[in-house]
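Source file: upload08.txt; contents: compact mmCIF, C-alpha atoms.
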```txt
# COMPACT_ATOMS: atom_id res chain seq x y z
CA MET D 691 106.96 83.45 61.89
CA ILE D 692 106.02 85.14 58.61
CA LEU D 693 106.56 88.60 60.11
CA ARG D 694 109.94 87.54 61.48
CA ALA D 695 110.97 86.22 58.07
CA ILE D 696 109.98 89.52 56.41
CA GLN D 697 111.72 91.45 59.20
CA GLN D 698 114.98 89.60 58.60
CA ARG D 699 114.93 90.39 54.89
CA ALA D 700 113.48 93.91 54.92
CA GLY D 701 115.21 97.18 55.67
CA ILE D 702 114.45 99.68 58.44
CA ILE D 703 111.08 100.70 56.90
CA GLY D 704 110.13 97.05 56.54
CA ARG D 705 111.01 96.46 60.17
CA VAL D 706 108.88 99.40 61.30
CA ILE D 707 105.94 98.17 59.20
CA THR D 708 106.24 94.59 60.42
CA GLY D 709 106.56 95.92 64.00
CA ILE D 710 103.28 97.83 63.64
CA ILE D 711 101.56 94.82 62.08
CA GLY D 712 102.93 92.68 64.93
CA VAL D 713 101.43 94.97 67.59
CA ILE D 714 98.06 95.12 65.79
CA TRP D 715 98.06 91.32 65.47
CA THR D 716 98.93 90.87 69.16
CA LEU D 717 96.04 93.08 70.24
CA ALA D 718 93.60 91.59 67.74
CA SER D 719 94.42 88.03 68.69
CA PHE D 720 94.85 88.47 72.48
CA PHE D 721 91.21 87.84 73.42
CA VAL D 722 90.39 85.56 70.51
CA VAL D 723 90.47 82.38 72.61
CA PRO D 724 88.11 83.60 75.38
CA LEU D 725 85.83 85.15 72.77
CA ILE D 726 85.60 81.92 70.79
CA ALA D 727 85.13 79.92 73.99
CA ALA D 728 82.70 82.14 75.87
CA GLU D 729 80.85 84.14 73.23
CA ASP D 730 80.63 81.42 70.59
CA MET D 731 82.09 83.72 67.92
CA GLY D 732 83.80 82.88 64.66
CA PRO D 733 87.57 83.59 64.40
CA VAL D 734 87.24 86.68 62.16
CA GLU D 735 84.53 88.22 64.32
CA ALA D 736 86.62 87.40 67.41
CA LEU D 737 89.65 89.22 65.97
CA TYR D 738 87.57 92.32 65.34
CA LYS D 739 85.93 92.15 68.77
CA SER D 740 89.28 91.62 70.54
CA ALA D 741 90.75 94.77 68.98
CA GLU D 742 87.54 96.64 69.89
CA LEU D 743 87.76 95.48 73.52
CA PHE D 744 91.29 96.85 73.79
CA LYS D 745 90.22 100.15 72.30
CA GLU D 746 87.29 100.45 74.71
CA THR D 747 89.23 99.40 77.83
CA TRP D 748 92.75 100.75 77.40
CA GLY D 749 92.55 103.06 74.39
CA GLU D 750 94.59 103.08 71.19
CA GLU D 751 98.36 102.81 70.64
CA LEU D 752 99.13 100.54 73.57
CA VAL D 753 102.21 98.99 75.04
CA SER D 754 102.23 95.90 77.18
CA GLY D 755 102.78 96.42 80.90
CA PHE D 756 103.67 92.79 81.58
CA SER D 757 105.85 90.06 80.18
CA PHE D 758 105.30 86.48 81.29
CA SER D 759 107.79 85.24 78.71
CA LEU D 760 110.56 87.28 80.35
CA ILE D 761 109.87 85.69 83.74
CA PHE D 762 109.65 82.17 82.33
CA MET D 763 112.84 82.74 80.36
CA LEU D 764 114.59 83.78 83.60
CA LEU D 765 113.11 80.78 85.43
CA GLY D 766 114.28 78.49 82.62
CA LEU D 767 117.87 79.75 82.55
CA PRO D 768 119.17 77.93 85.69
CA ALA D 769 118.43 74.56 84.04
CA LEU D 770 121.15 75.31 81.47
CA ILE D 771 123.68 74.53 84.15
CA LEU D 772 122.51 70.88 84.51
CA PRO D 773 124.08 69.46 81.28
CA ILE D 774 127.24 71.50 81.96
CA VAL D 775 127.55 70.06 85.47
CA GLY D 776 126.70 66.58 84.15
CA ALA D 777 129.37 66.84 81.45
CA ARG D 778 132.01 67.42 84.12
CA TYR D 779 131.44 63.89 85.43
CA SER D 780 130.84 61.86 82.26
CA PRO D 781 129.37 62.14 78.74
CA ALA D 782 126.35 60.19 80.00
CA GLY D 783 126.03 62.76 82.81
CA MET D 784 125.63 65.47 80.19
CA PHE D 785 122.70 63.63 78.60
CA ILE D 786 121.12 62.97 81.98
CA GLY D 787 121.51 66.66 82.84
CA LEU D 788 120.01 67.60 79.48
CA GLY D 789 117.11 65.20 80.05
CA VAL D 790 116.37 66.68 83.47
CA ALA D 791 116.62 70.19 82.01
CA LEU D 792 114.19 69.28 79.21
CA LEU D 793 111.73 67.86 81.73
CA TYR D 794 112.05 71.04 83.79
CA TRP D 795 111.43 73.22 80.71
CA LEU D 796 108.46 71.06 79.72
CA GLY D 797 106.96 71.46 83.20
CA LEU D 798 107.66 75.17 83.10
CA GLY D 799 105.95 75.39 79.70
CA ILE D 800 102.85 73.61 81.02
CA VAL D 801 102.63 75.83 84.10
CA SER D 802 103.26 78.89 81.92
CA SER D 803 100.48 77.90 79.51
CA ALA D 804 97.99 77.26 82.33
CA ALA D 805 98.89 80.46 84.22
CA GLN D 806 98.67 82.56 81.06
CA GLY D 807 95.29 81.03 80.24
CA ILE D 808 94.01 82.04 83.68
CA PHE D 809 95.45 85.52 83.33
CA VAL D 810 93.92 86.09 79.88
CA ALA D 811 90.56 84.88 81.23
CA ALA D 812 90.81 87.32 84.16
CA LEU D 813 91.82 90.16 81.86
CA TYR D 814 89.02 89.30 79.46
CA ARG D 815 86.52 89.40 82.32
CA TYR D 816 87.90 92.76 83.41
CA ALA D 817 87.69 94.15 79.85
CA THR D 818 84.15 92.92 79.21
CA THR D 819 82.47 93.48 82.57
CA GLY D 820 84.84 95.73 84.52
CA GLU D 821 84.78 93.15 87.31
CA VAL D 822 87.97 92.00 89.00
CA SER D 823 88.31 88.26 89.35
CA GLN D 824 88.98 86.70 92.70
CA GLY D 825 92.67 86.80 93.60
CA PHE D 826 93.55 89.61 91.18
CA GLN D 827 94.15 93.31 91.87
CA ARG D 828 92.22 95.93 89.93
CA ASP D 829 95.15 98.33 89.44
CA GLU D 830 97.37 95.56 88.12
CA LEU D 831 94.77 94.38 85.61
CA ALA D 832 94.15 97.99 84.61
CA SER D 833 97.83 98.62 84.03
CA ALA D 834 98.51 95.35 82.20
CA TRP D 835 98.22 97.46 79.07
CA ARG D 836 98.83 101.18 78.96
CA PRO D 837 98.75 103.94 76.34
CA LYS D 838 102.00 104.50 74.47
CA GLU D 839 103.78 107.61 75.75
CA MET W 1113 105.37 99.70 89.40
CA GLY W 1114 107.77 98.27 86.82
CA THR W 1115 106.93 95.80 84.11
CA PHE W 1116 108.86 93.02 85.83
CA SER W 1117 107.26 93.38 89.26
CA ARG W 1118 103.79 93.73 87.72
CA SER W 1119 104.39 90.61 85.62
CA TRP W 1120 105.58 88.76 88.69
CA ASP W 1121 102.52 89.83 90.70
CA LEU W 1122 100.11 88.86 87.91
CA LEU W 1123 101.86 85.55 87.51
CA THR W 1124 101.72 84.73 91.23
CA GLN W 1125 98.03 85.67 91.29
CA SER W 1126 97.37 83.36 88.32
CA PHE W 1127 99.50 80.66 89.89
CA ALA W 1128 97.59 80.89 93.18
CA LEU W 1129 94.39 80.11 91.28
CA LEU W 1130 96.13 77.29 89.46
CA LYS W 1131 97.32 75.82 92.75
CA SER W 1132 93.81 75.94 94.18
CA ASP W 1133 92.49 73.81 91.33
CA LYS W 1134 94.88 71.30 89.79
CA GLN W 1135 92.31 70.39 87.15
CA LEU W 1136 93.31 73.55 85.30
CA VAL W 1137 96.72 72.02 84.53
CA TRP W 1138 95.34 68.99 82.71
CA LEU W 1139 94.47 70.50 79.39
CA PRO W 1140 97.87 72.18 78.86
CA ILE W 1141 99.38 68.73 79.52
CA VAL W 1142 97.10 67.13 76.93
CA SER W 1143 97.81 70.00 74.57
CA GLY W 1144 101.58 69.72 75.13
CA PHE W 1145 101.52 65.97 74.57
CA SER W 1146 99.51 66.39 71.35
CA CYS W 1147 101.96 69.05 70.15
CA LEU W 1148 104.86 66.69 70.89
CA ILE W 1149 103.29 63.89 68.86
CA ALA W 1150 102.46 66.32 66.01
CA THR W 1151 106.06 67.58 66.03
CA ILE W 1152 107.48 64.05 65.81
CA ILE W 1153 105.11 63.08 62.97
CA ILE W 1154 105.61 66.28 60.93
CA PHE W 1155 109.40 66.39 61.22
CA SER W 1156 109.79 62.63 60.67
CA PHE W 1157 107.65 62.89 57.54
CA GLY W 1158 109.58 66.00 56.39
CA ALA W 1159 112.91 64.28 56.98
CA LEU W 1160 111.78 61.14 55.14
CA VAL W 1161 110.60 63.11 52.13
CA LEU W 1162 113.26 65.84 51.95
CA ILE W 1163 116.54 64.39 53.20
CA PRO W 1164 118.26 62.45 50.40
CA VAL W 1165 118.96 58.76 50.89
CA THR W 1166 122.68 59.60 50.76
CA GLY W 1167 122.32 61.73 53.90
CA ILE W 1168 122.55 65.44 54.66
CA PRO W 1169 124.52 67.21 51.90
CA HIS W 1170 127.95 68.53 52.93
CA GLY W 1171 128.16 71.45 50.47
CA ALA W 1172 126.85 74.91 51.43
CA ALA W 1173 124.55 75.04 48.39
CA GLY W 1174 123.05 71.64 49.19
CA GLN W 1175 122.48 72.57 52.82
CA LYS W 1176 120.90 75.89 51.84
CA PHE W 1177 118.53 74.09 49.48
CA LEU W 1178 117.63 71.61 52.22
CA THR W 1179 116.95 74.44 54.68
CA GLN W 1180 114.71 76.18 52.14
CA SER W 1181 112.91 72.91 51.39
CA PHE W 1182 112.10 72.58 55.08
CA THR W 1183 110.31 75.97 55.19
CA PRO W 1184 106.88 74.48 54.26
CA VAL W 1185 107.43 71.75 56.87
CA ILE W 1186 108.19 74.35 59.54
CA PHE W 1187 105.13 76.34 58.47
CA LEU W 1188 102.99 73.21 58.67
CA TYR W 1189 104.43 72.49 62.13
CA TYR W 1190 103.60 76.05 63.24
CA LEU W 1191 100.08 75.82 61.83
CA VAL W 1192 99.29 72.42 63.31
CA THR W 1193 100.70 73.09 66.79
CA TYR W 1194 99.03 76.50 66.91
CA CYS W 1195 95.71 74.92 65.93
CA ILE W 1196 96.13 72.29 68.68
CA VAL W 1197 96.90 74.94 71.30
CA ILE W 1198 94.02 77.20 70.26
CA PHE W 1199 91.61 74.29 69.98
CA SER W 1200 92.68 72.91 73.35
CA THR W 1201 92.32 76.20 75.12
CA SER W 1202 89.09 77.29 73.49
CA ARG W 1203 86.94 74.19 73.26
CA SER W 1204 86.43 71.13 75.31
CA SER W 1205 86.77 68.57 72.58
CA VAL W 1206 86.62 65.45 74.71
CA SER W 1207 85.11 65.67 78.14
CA ARG W 1208 87.26 67.85 80.38
CA PRO W 1209 87.94 71.59 80.10
CA ILE W 1210 91.31 73.21 79.45
CA ALA W 1211 92.92 76.09 81.29
CA LEU W 1212 91.18 79.08 79.84
CA PRO W 1213 87.52 78.08 79.58
CA ALA W 1214 87.87 76.15 82.81
CA ALA W 1215 89.31 79.17 84.53
CA MET W 1216 86.39 81.40 83.73
CA PRO W 1217 83.79 79.93 86.07
CA ARG W 1218 86.40 79.79 88.84
CA LEU W 1219 87.37 83.40 88.32
CA THR W 1220 83.91 84.71 88.89
CA THR W 1221 82.70 85.78 92.27
CA VAL W 1222 79.08 85.84 91.18
CA SER W 1223 77.03 83.15 92.88
CA ARG W 1224 75.37 80.68 90.55
CA PRO W 1225 72.32 78.50 90.98
CA HIS W 1226 73.15 74.87 91.70
CA GLY W 1227 73.98 72.97 88.55
CA ILE W 1228 75.29 75.90 86.56
CA GLY W 1229 78.96 75.30 87.04
CA SER W 1230 81.86 74.34 84.87
CA GLY W 1231 80.15 71.05 84.05
CA ALA W 1232 77.14 72.77 82.56
CA PHE W 1233 79.39 75.39 81.04
CA PHE W 1234 81.37 72.82 79.10
CA SER W 1235 78.86 70.09 78.53
CA GLY W 1236 77.02 71.97 75.83
CA ARG W 1237 77.17 75.25 74.02
CA CYS W 1238 76.12 77.21 77.06
CA SER W 1239 77.08 80.86 76.65
CA ALA W 1240 79.13 81.92 79.62
CA PRO W 1241 76.71 82.35 82.51
CA PRO W 1242 79.50 83.31 84.93
CA LEU W 1243 80.47 86.30 82.80
CA ALA W 1244 76.99 87.75 82.67
```
For this file, write the structure as C-alpha cells.
Amino acid sequence: MILRAIQQRAGIIGRVITGIIGVIWTLASFFVVPLIAAEDMGPVEALYKSAELFKETWGEELVSGFSFSLIFMLLGLPALILPIVGARYSPAGMFIGLGVALLYWLGLGIVSSAAQGIFVAALYRYATTGEVSQGFQRDELASAWRPKE
Amino acid sequence: MGTFSRSWDLLTQSFALLKSDKQLVWLPIVSGFSCLIATIIIFSFGALVLIPVTGIPHGAAGQKFLTQSFTPVIFLYYLVTYCIVIFSTSRSSVSRPIALPAAMPRLTTVSRPHGIGSGAFFSGRCSAPPLA
C-alpha cells in the first residue's frame, strides 16, 4: 500500500525504485509464514532467511513463473454478470445477484487462501529439503521462480 | 510451459490436496470471518469519528480532506487484517491448525512414528518433524 502510494506520486525513477523494493519485499516475505510456523523464528530473522532461501534455490534477480491471482481474477469475472442479469428483472434482482456474486467471491477467496497456503508450504519444503511433496511435480516447483533473462 | 498453464497446474495440485482434507479450509474461513469483523469495526469507528454530523461534504475540497483523513484508517485496516491473516496462517492460536501449518505434515511423504502427526505438531512448540 505504501509502495503503491509512492509509485502514484513519484516519477519514472521513483517507479523503478519502488518496483525493485517491491520485488525484494515479495521474495523476503514469501517464506516468512512457513519459517515462523515451522522453524520458530522471529519475523526479522524469517525475512532474512526467506531471501536467503530464494538465493540458494533459484538464484538472484528472479521473476515469478506463476500467478494465482491472475487465475482467481479470471475465475471471479463471470460473477460480474449476476447483478447485471438481476437488474434486467428488477432492482431487487440486482441486489440478489450482487449478494450471490459476493458470496461466490468470498468462497473463491477462501479457496484461494487455502490453496496458496498449501502451495507455499510445498514450495518451502522443496526449497529447504529439495524434496517434492506428494501431488506436486518437481519441474513445476523448480520453475515456479526463474532467473530474470 | 507458460506462466498461465504452470499456475493452473500448481493450483490444481494444491486444490487436489485441499479436496483430500477439508480441514485445511477451516482456518481461512476463521481468518476471513475475523477480517470481516475487523473491517466492520475499523470502518464504522473511522466513519463515526471522521464523517461530520452534517454528512459527507459536497465540495471537492471537503471530500479531498475526508479522503486524506481516512488514510490512517485504511492503514490501520491493512495492518490489522494482515496481522490476522499472518497470525492465522502461522500459528494455531486456538485449537485447530490453519492451511499452511496444517498442510505441512500432509505434504510430507516421510513416514512418522505413531503420535507425531499434525496434532503433536500443533499442540506445542514442536519444531517441524515432517520437514526433517
Spatial neighbours of Leu765 in chain D, 10 Å, only C-alpha atoms, chain gap at least 4 places, as a list in words: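 Listed by chain and then number, they are Ser759, Leu760, Ile761, Ala769, Tyr794, Trp795 and Leu798 of chain D.
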Selected residue, from D:Ser833, D:Ser754, D:Thr818, D:Ser823, that lies nearest to chain W when counting only C-alpha atoms: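 Of the candidates, the smallest distance to chain W is held by D:Ser823.
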Interface residues on chain D facing chain W, 6 Å, only C-alpha atoms, written as JSON, numbers by chain: {"D": [723, 727, 728, 755, 756, 757, 800, 804, 805, 807, 808, 809, 811, 823, 824, 825, 826]}
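We find CA of Cys1147 in chain W and CA of Gly797 in chain D to be spaced 14.2 Å apart.
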Length of the CA of Gly1167 in chain W to CA of Ile1154 in chain W vector [Å]: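 Distance reported for this atom pair: 18.7 Å.
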Residues near range 733-735 of chain D, anyone? I mean within 10 Å using only C-alpha atoms, not counting same-chain ones fewer than 2 positions away, as an mmCIF file with C-alpha atoms, in the coordinates of the input.
```cif
data_model
loop_
_atom_site.group_PDB
_atom_site.id
_atom_site.type_symbol
_atom_site.label_atom_id
_atom_site.label_comp_id
_atom_site.auth_asym_id
_atom_site.auth_seq_id
_atom_site.Cartn_x
_atom_site.Cartn_y
_atom_site.Cartn_z
ATOM 1 C CA ALA D 718 93.600 91.590 67.740
ATOM 2 C CA SER D 719 94.420 88.030 68.690
ATOM 3 C CA VAL D 722 90.390 85.560 70.510
ATOM 4 C CA VAL D 723 90.470 82.380 72.610
ATOM 5 C CA LEU D 725 85.830 85.150 72.770
ATOM 6 C CA ILE D 726 85.600 81.920 70.790
ATOM 7 C CA ASP D 730 80.630 81.420 70.590
ATOM 8 C CA MET D 731 82.090 83.720 67.920
ATOM 9 C CA LEU D 737 89.650 89.220 65.970
ATOM 10 C CA TYR D 738 87.570 92.320 65.340
ATOM 11 C CA LYS D 739 85.930 92.150 68.770
ATOM 12 C CA SER D 740 89.280 91.620 70.540
#
```
Atomic distance CA of Phe744 in chain D - CA of Phe758 in chain D, expressed in Å with one decimal: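 It comes out at 19.0 Å.
Within 9 Å of range 780-792 of chain D, once only C-alpha atoms are used and residues closer than 3 positions along the same chain are dropped, the contacting residues are Gly766, Pro768, Ala769, Leu770, Ile771, Leu772, Pro773, Ile774, Val775, Gly776, Ala777, Trp795, Leu796 and Gly797 of chain D.
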From the coordinates I just gave you, please extract range 708-721 of chain D so that only all heavy atoms remain, then output it as a PDB file, in the first residue's frame.
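As a result, decode10.pdb now contains:
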```pdb
ATOM      1  N   THR D 708      10.631   1.848  -6.553  1.00  0.00           N
ATOM      2  CA  THR D 708       9.584   1.150  -5.794  1.00  0.00           C
ATOM      3  C   THR D 708       9.331  -0.258  -6.352  1.00  0.00           C
ATOM      4  O   THR D 708       9.011  -1.177  -5.604  1.00  0.00           O
ATOM      5  CB  THR D 708       8.246   1.943  -5.782  1.00  0.00           C
ATOM      6  OG1 THR D 708       7.928   2.304  -7.124  1.00  0.00           O
ATOM      7  CG2 THR D 708       8.316   3.152  -4.908  1.00  0.00           C
ATOM      8  N   GLY D 709       9.514  -0.411  -7.682  1.00  0.00           N
ATOM      9  CA  GLY D 709       9.381  -1.740  -8.304  1.00  0.00           C
ATOM     10  C   GLY D 709      10.424  -2.698  -7.763  1.00  0.00           C
ATOM     11  O   GLY D 709      10.102  -3.846  -7.405  1.00  0.00           O
ATOM     12  N   ILE D 710      11.671  -2.216  -7.657  1.00  0.00           N
ATOM     13  CA  ILE D 710      12.763  -3.052  -7.141  1.00  0.00           C
ATOM     14  C   ILE D 710      12.494  -3.417  -5.675  1.00  0.00           C
ATOM     15  O   ILE D 710      12.617  -4.574  -5.271  1.00  0.00           O
ATOM     16  CB  ILE D 710      14.132  -2.330  -7.292  1.00  0.00           C
ATOM     17  CG1 ILE D 710      14.473  -2.199  -8.785  1.00  0.00           C
ATOM     18  CG2 ILE D 710      15.241  -3.076  -6.555  1.00  0.00           C
ATOM     19  CD1 ILE D 710      15.611  -1.245  -9.089  1.00  0.00           C
ATOM     20  N   ILE D 711      12.093  -2.392  -4.900  1.00  0.00           N
ATOM     21  CA  ILE D 711      11.800  -2.651  -3.483  1.00  0.00           C
ATOM     22  C   ILE D 711      10.661  -3.673  -3.363  1.00  0.00           C
ATOM     23  O   ILE D 711      10.690  -4.578  -2.525  1.00  0.00           O
ATOM     24  CB  ILE D 711      11.436  -1.336  -2.729  1.00  0.00           C
ATOM     25  CG1 ILE D 711      12.644  -0.411  -2.700  1.00  0.00           C
ATOM     26  CG2 ILE D 711      10.976  -1.627  -1.300  1.00  0.00           C
ATOM     27  CD1 ILE D 711      12.364   0.988  -2.210  1.00  0.00           C
ATOM     28  N   GLY D 712       9.666  -3.536  -4.257  1.00  0.00           N
ATOM     29  CA  GLY D 712       8.525  -4.462  -4.255  1.00  0.00           C
ATOM     30  C   GLY D 712       8.949  -5.894  -4.479  1.00  0.00           C
ATOM     31  O   GLY D 712       8.485  -6.803  -3.790  1.00  0.00           O
ATOM     32  N   VAL D 713       9.849  -6.101  -5.457  1.00  0.00           N
ATOM     33  CA  VAL D 713      10.336  -7.464  -5.758  1.00  0.00           C
ATOM     34  C   VAL D 713      11.109  -8.015  -4.563  1.00  0.00           C
ATOM     35  O   VAL D 713      10.892  -9.162  -4.142  1.00  0.00           O
ATOM     36  CB  VAL D 713      11.220  -7.457  -7.036  1.00  0.00           C
ATOM     37  CG1 VAL D 713      11.887  -8.809  -7.226  1.00  0.00           C
ATOM     38  CG2 VAL D 713      10.376  -7.113  -8.263  1.00  0.00           C
ATOM     39  N   ILE D 714      12.012  -7.184  -4.014  1.00  0.00           N
ATOM     40  CA  ILE D 714      12.816  -7.623  -2.858  1.00  0.00           C
ATOM     41  C   ILE D 714      11.887  -8.005  -1.694  1.00  0.00           C
ATOM     42  O   ILE D 714      12.059  -9.033  -1.049  1.00  0.00           O
ATOM     43  CB  ILE D 714      13.821  -6.524  -2.429  1.00  0.00           C
ATOM     44  CG1 ILE D 714      14.875  -6.334  -3.526  1.00  0.00           C
ATOM     45  CG2 ILE D 714      14.498  -6.872  -1.099  1.00  0.00           C
ATOM     46  CD1 ILE D 714      15.749  -5.113  -3.364  1.00  0.00           C
ATOM     47  N   TRP D 715      10.869  -7.170  -1.479  1.00  0.00           N
ATOM     48  CA  TRP D 715       9.934  -7.428  -0.373  1.00  0.00           C
ATOM     49  C   TRP D 715       9.153  -8.722  -0.616  1.00  0.00           C
ATOM     50  O   TRP D 715       8.942  -9.516   0.307  1.00  0.00           O
ATOM     51  CB  TRP D 715       8.986  -6.239  -0.201  1.00  0.00           C
ATOM     52  CG  TRP D 715       7.959  -6.489   0.860  1.00  0.00           C
ATOM     53  CD1 TRP D 715       6.628  -6.685   0.687  1.00  0.00           C
ATOM     54  CD2 TRP D 715       8.201  -6.596   2.274  1.00  0.00           C
ATOM     55  NE1 TRP D 715       6.010  -6.916   1.892  1.00  0.00           N
ATOM     56  CE2 TRP D 715       6.954  -6.862   2.889  1.00  0.00           C
ATOM     57  CE3 TRP D 715       9.336  -6.498   3.079  1.00  0.00           C
ATOM     58  CZ2 TRP D 715       6.823  -7.023   4.264  1.00  0.00           C
ATOM     59  CZ3 TRP D 715       9.192  -6.668   4.452  1.00  0.00           C
ATOM     60  CH2 TRP D 715       7.968  -6.921   5.029  1.00  0.00           C
ATOM     61  N   THR D 716       8.744  -8.947  -1.868  1.00  0.00           N
ATOM     62  CA  THR D 716       7.996 -10.169  -2.199  1.00  0.00           C
ATOM     63  C   THR D 716       8.835 -11.400  -1.878  1.00  0.00           C
ATOM     64  O   THR D 716       8.359 -12.348  -1.245  1.00  0.00           O
ATOM     65  CB  THR D 716       7.618 -10.177  -3.700  1.00  0.00           C
ATOM     66  OG1 THR D 716       6.878  -8.997  -3.983  1.00  0.00           O
ATOM     67  CG2 THR D 716       6.776 -11.390  -4.062  1.00  0.00           C
ATOM     68  N   LEU D 717      10.101 -11.374  -2.314  1.00  0.00           N
ATOM     69  CA  LEU D 717      10.975 -12.526  -2.075  1.00  0.00           C
ATOM     70  C   LEU D 717      11.264 -12.699  -0.588  1.00  0.00           C
ATOM     71  O   LEU D 717      11.265 -13.815  -0.074  1.00  0.00           O
ATOM     72  CB  LEU D 717      12.293 -12.370  -2.841  1.00  0.00           C
ATOM     73  CG  LEU D 717      12.197 -12.295  -4.373  1.00  0.00           C
ATOM     74  CD1 LEU D 717      13.575 -12.207  -4.992  1.00  0.00           C
ATOM     75  CD2 LEU D 717      11.456 -13.486  -4.945  1.00  0.00           C
ATOM     76  N   ALA D 718      11.517 -11.559   0.084  1.00  0.00           N
ATOM     77  CA  ALA D 718      11.876 -11.644   1.509  1.00  0.00           C
ATOM     78  C   ALA D 718      10.694 -12.100   2.362  1.00  0.00           C
ATOM     79  O   ALA D 718      10.885 -12.724   3.398  1.00  0.00           O
ATOM     80  CB  ALA D 718      12.396 -10.291   1.994  1.00  0.00           C
ATOM     81  N   SER D 719       9.489 -11.787   1.917  1.00  0.00           N
ATOM     82  CA  SER D 719       8.344 -12.126   2.767  1.00  0.00           C
ATOM     83  C   SER D 719       7.633 -13.418   2.334  1.00  0.00           C
ATOM     84  O   SER D 719       6.745 -13.886   3.022  1.00  0.00           O
ATOM     85  CB  SER D 719       7.334 -10.969   2.778  1.00  0.00           C
ATOM     86  OG  SER D 719       6.895 -10.700   1.465  1.00  0.00           O
ATOM     87  N   PHE D 720       8.035 -13.999   1.213  1.00  0.00           N
ATOM     88  CA  PHE D 720       7.330 -15.160   0.655  1.00  0.00           C
ATOM     89  C   PHE D 720       7.299 -16.355   1.615  1.00  0.00           C
ATOM     90  O   PHE D 720       6.268 -16.980   1.814  1.00  0.00           O
ATOM     91  CB  PHE D 720       7.983 -15.563  -0.673  1.00  0.00           C
ATOM     92  CG  PHE D 720       7.126 -16.474  -1.503  1.00  0.00           C
ATOM     93  CD1 PHE D 720       6.125 -15.970  -2.308  1.00  0.00           C
ATOM     94  CD2 PHE D 720       7.305 -17.845  -1.478  1.00  0.00           C
ATOM     95  CE1 PHE D 720       5.322 -16.801  -3.074  1.00  0.00           C
ATOM     96  CE2 PHE D 720       6.517 -18.693  -2.243  1.00  0.00           C
ATOM     97  CZ  PHE D 720       5.520 -18.163  -3.049  1.00  0.00           C
ATOM     98  N   PHE D 721       8.444 -16.656   2.208  1.00  0.00           N
ATOM     99  CA  PHE D 721       8.523 -17.829   3.091  1.00  0.00           C
ATOM    100  C   PHE D 721       8.439 -17.469   4.573  1.00  0.00           C
ATOM    101  O   PHE D 721       8.723 -18.309   5.426  1.00  0.00           O
ATOM    102  CB  PHE D 721       9.828 -18.580   2.843  1.00  0.00           C
ATOM    103  CG  PHE D 721       9.849 -19.351   1.542  1.00  0.00           C
ATOM    104  CD1 PHE D 721      10.949 -19.291   0.708  1.00  0.00           C
ATOM    105  CD2 PHE D 721       8.768 -20.126   1.154  1.00  0.00           C
ATOM    106  CE1 PHE D 721      10.979 -19.987  -0.493  1.00  0.00           C
ATOM    107  CE2 PHE D 721       8.776 -20.828  -0.045  1.00  0.00           C
ATOM    108  CZ  PHE D 721       9.886 -20.763  -0.873  1.00  0.00           C
TER     109      PHE D 721
END
```
